[in-house]
Amino acid sequence: MPSTTRRQLLAAAAALPLLGAASVLRAAEPDLSALRNLTTDVVPITVAERRARMAKAQSLMKAAGIGAILVEPGSSLVYFTGLRWGRSERLTALVLPVEGEPCIVTPFFEAPRTREGLAIPADVRVWQEHEDPLRLIAGFLRERRLAARPIGIEETARFFAFDGLRRALPDTQIVSANPVVRGCRMIKSPAEIALMQRATDVTIAAYRWVHPRVEKGMTQRDIAALMDAATTRLGGEPEFSLVLVGEGAAYPHGTKTPANVADGRIVLMDCGCAVQGYQSDVSRTFVHGTPSAEQRRVWDQVAQGQHVAFETAKLGTPAGQVDDAVRRYYATQGYGPDYTLPGLSHRTGHGIGLDGHEPVNLVRGETTRLAPGMCFSNEPGIYIPGSFGVRLEDCFHMTEAGPKWFSTPPRSIDKPMG
């Protein structure tokens, strides 16, 4: 970035502290124009794939003895139907029976918008404002002769939906839909992997654009605004841009205490975006100026922690063993034990897909075995309260040959963006 632009960034932020991020963004617009959209050729999830998801879910229902599942708005509804819908006191929900066409229950006045948003054929049934939508669902289940079988509830559904269905079908067993929904969503298809790869490509490109533009005196909001702007320009939908500076980086999600970039200070960025709903999650840590010996040492230890996690993630390995391996390594470096600080105060990684965090996790005690199509973050940070923290985060997916990175981790604090 030309020096005049850097001066404009800092002057704008200083002159308008409440609008500093917006001012920084305006000053950066000439540079943003050089970025190109990386998502113009992505292939959305097809109707055929959604039908295959339904078929797999119905097969899993048969195996589990479940007659139907109920799914409220959220990522699972998007996964099966393509319908993006907010949750409110007015219930819209998917009822997927073990056989036959799915049913969407929605308020009467929302039916046109519901049909417009569906990516698959479905039986849309409406309820009026004075009616109970759970009784409408119960009627559908009786009509399909499914009320005598257990009915699964997706794990994020609200209590009123569970309780209302239980009241409407007092003799029906209500069970968890996890064997069905997790059984489908945990294993990503090649089309899903491709969208997650593109989201990661956007995030990495945005990091590489932002990093050289981070200047002394910038606030965390300033840097986040630049990251969001670059991500948008590159074709991603910003999901989060967490920026932690100095001591704030010692706490995984930061503190309320503001901090500005200064020579010798750690800058920890944890950012992600979505492409066609599928998410990225990448963290980078660097020092403005010259790293100290301690900063360099901790950075290298975290990079090795990532390597240990990746090498442990073999097909068939229980997910919890990845976390165990990292903690064993950190113990040899004097950290812990367990979650004790200084050290790693959170799990080594989480599942990722349509949600930034989704089952299962790389955490102690998780017995689910790693299988092709599973996707995880790998982020074994080290946090030193009162001083600083380092987190390097890259996601990987399991293949028939083992784990494969979505983004290649940097190997040196001197080249933190790779």
# chains A, B, ... in the order shown; residues from 1 in each chain; ligands from 1

$ residues_around --residues "Thr156 (chain A)" --least-positions-apart "6" --cutoff "12 Å" --atoms "only C-alpha atoms" --output "ChimeraX atom specification"
/A:70-77,87,162,176-178,181-182,358-359

$ residues_around --residues "Arg166 (chain A)" --least-positions-apart "2" --cutoff "12 Å" --atoms "only C-alpha atoms" --output "ChimeraX atom specification"
/A:134-135,137-138,147,150-153,159-164,168-175

$ residues_around --residues "Val308 (chain A)" --least-positions-apart "3" --cutoff "7 Å" --atoms "only C-alpha atoms" --output "list in words"
Gln304, Gly305, Glu311, Thr312, Ala325 and Val326 of chain A

$ closest_residue --among "A:Pro238, A:Leu118, A:Ser189, A:Gly264" --to "Gly289 (chain A)" --atoms "only C-alpha atoms"
A:Gly264

$ residues_around --residues "Phe286 (chain A)" --least-positions-apart "6" --cutoff "6 Å" --atoms "only C-alpha atoms" --output "PyMOL selection string"
chain A and resi 266-267+416

$ write_last_selection --atoms "N, CA and C atoms" --output "compact mmCIF listing (two decimals), in the first residue's frame"
# COMPACT_ATOMS: atom_id res chain seq x y z
N ILE A 266 1.82 -8.94 19.51
CA ILE A 266 1.14 -10.02 18.80
C ILE A 266 -0.18 -9.50 18.22
N VAL A 267 -0.50 -9.94 17.00
CA VAL A 267 -1.82 -9.75 16.40
C VAL A 267 -2.35 -11.13 16.04
N PRO A 416 4.02 -15.41 8.16
CA PRO A 416 2.84 -15.93 8.86
C PRO A 416 1.65 -16.21 7.96

$ select_by_dssp --residues "region 44-252 of chain A" --states "strand (DSSP E or B)" --output "ChimeraX atom specification"
/A:68-71,93-97,103-107,123-127,151-153,174-176,219,237-245

$ closest_atom_pairs --of "region 181-274 of chain A" --to "region 402-410 of chain A" --cutoff "12 Å" --atoms "only C-alpha atoms" --output "Markdown table"
| residue | atom | partner | partner_atom | distance |
| --- | --- | --- | --- | --- |
| A:Ile193 | CA | A:Phe406 | CA | 8.9 |
| A:Ala194 | CA | A:Phe406 | CA | 9.7 |
| A:Leu195 | CA | A:Phe406 | CA | 10.7 |
| A:Met196 | CA | A:Phe406 | CA | 7.8 |
| A:Gln197 | CA | A:Phe406 | CA | 5.7 |
| A:Arg198 | CA | A:Phe406 | CA | 8.9 |
| A:Ala199 | CA | A:Phe406 | CA | 9.4 |
| A:Thr200 | CA | A:Phe406 | CA | 6.5 |
| A:Asp201 | CA | A:Ser407 | CA | 7.5 |
| A:Val202 | CA | A:Ser407 | CA | 10.6 |
| A:Thr203 | CA | A:Ser407 | CA | 9.5 |
| A:Ile204 | CA | A:Ser407 | CA | 7.6 |
| A:Ala205 | CA | A:Ser407 | CA | 10.8 |
| A:Tyr207 | CA | A:Ser407 | CA | 11.9 |
| A:Arg208 | CA | A:Pro410 | CA | 12.0 |

$ select_by_dssp --residues "region 253-417 of chain A" --states "helix (DSSP H, G or I)" --output "number ranges by chain"
A: 293-312, 320-332

$ atom_distance --atom1 "CA of Leu341 (chain A)" --atom2 "CA of Val322 (chain A)"
19.6 Å

$ closest_residue --among "A:Thr285, A:Ser241, A:Thr332, A:Thr368" --to "Gly183 (chain A)" --atoms "only C-alpha atoms"
A:Thr368

$ closest_residue --among "A:Glu110, A:Arg90, A:Glu154, A:Ile352" --to "Asp132 (chain A)" --atoms "only C-alpha atoms"
A:Arg90

$ residues_around --residues "Ile45 (chain A)" --least-positions-apart "2" --cutoff "8 Å" --atoms "only C-alpha atoms" --output "count of residues only"
6

$ atom_distance --atom1 "CA of Gly320 (chain A)" --atom2 "CA of Gln301 (chain A)"
20.5 Å

$ closest_residue --among "A:Arg391, A:Asp263, A:Arg347, A:Pro133" --to "Val298 (chain A)" --atoms "only C-alpha atoms"
A:Arg391

$ closest_residue --among "A:Lys188, A:Lys415, A:Asp31, A:Asp324" --to "Pro337 (chain A)" --atoms "only C-alpha atoms"
A:Asp324

$ decode --residues "region 300-318 of chain A" --atoms "N, CA and C atoms" --output "CSV table (one decimal), in the first residue's frame"
chain,number,residue,atom,x,y,z
A,300,ASP,N,6.4,-21.4,17.3
A,300,ASP,CA,6.9,-22.7,16.7
A,300,ASP,C,6.3,-23.9,17.5
A,301,GLN,N,6.0,-23.7,18.8
A,301,GLN,CA,5.4,-24.8,19.5
A,301,GLN,C,3.9,-25.1,19.0
A,302,VAL,N,3.2,-24.0,18.7
A,302,VAL,CA,1.9,-24.1,18.2
A,302,VAL,C,1.9,-24.8,16.8
A,303,ALA,N,2.8,-24.3,16.0
A,303,ALA,CA,2.9,-24.9,14.7
A,303,ALA,C,3.2,-26.4,14.8
A,304,GLN,N,4.0,-26.8,15.7
A,304,GLN,CA,4.3,-28.3,15.9
A,304,GLN,C,3.1,-29.0,16.5
A,305,GLY,N,2.3,-28.3,17.3
A,305,GLY,CA,1.0,-28.8,17.8
A,305,GLY,C,0.1,-29.1,16.7
A,306,GLN,N,0.0,-28.2,15.7
A,306,GLN,CA,-0.9,-28.5,14.6
A,306,GLN,C,-0.4,-29.7,13.8
A,307,HIS,N,0.9,-29.8,13.7
A,307,HIS,CA,1.5,-31.0,13.0
A,307,HIS,C,1.2,-32.3,13.7
A,308,VAL,N,1.3,-32.3,15.0
A,308,VAL,CA,1.0,-33.5,15.8
A,308,VAL,C,-0.5,-33.9,15.6
A,309,ALA,N,-1.4,-32.9,15.6
A,309,ALA,CA,-2.8,-33.2,15.4
A,309,ALA,C,-3.0,-33.8,14.1
A,310,PHE,N,-2.4,-33.2,13.0
A,310,PHE,CA,-2.7,-33.7,11.7
A,310,PHE,C,-2.1,-35.1,11.5
A,311,GLU,N,-0.9,-35.3,12.0
A,311,GLU,CA,-0.3,-36.7,11.9
A,311,GLU,C,-1.1,-37.7,12.7
A,312,THR,N,-1.8,-37.3,13.7
A,312,THR,CA,-2.6,-38.3,14.5
A,312,THR,C,-3.9,-38.6,13.9
A,313,ALA,N,-4.4,-37.7,13.0
A,313,ALA,CA,-5.7,-37.9,12.4
A,313,ALA,C,-5.8,-38.9,11.3
A,314,LYS,N,-5.6,-40.2,11.7
A,314,LYS,CA,-5.6,-41.3,10.7
A,314,LYS,C,-7.1,-41.8,10.6
A,315,LEU,N,-7.4,-42.4,9.5
A,315,LEU,CA,-8.7,-43.1,9.3
A,315,LEU,C,-8.9,-44.1,10.4
A,316,GLY,N,-10.1,-44.1,11.0
A,316,GLY,CA,-10.4,-45.1,12.1
A,316,GLY,C,-10.0,-44.7,13.5
A,317,THR,N,-9.2,-43.6,13.6
A,317,THR,CA,-8.8,-43.1,14.9
A,317,THR,C,-9.9,-42.4,15.6
A,318,PRO,N,-10.2,-42.7,16.9
A,318,PRO,CA,-11.2,-42.0,17.6
A,318,PRO,C,-10.8,-40.5,17.7
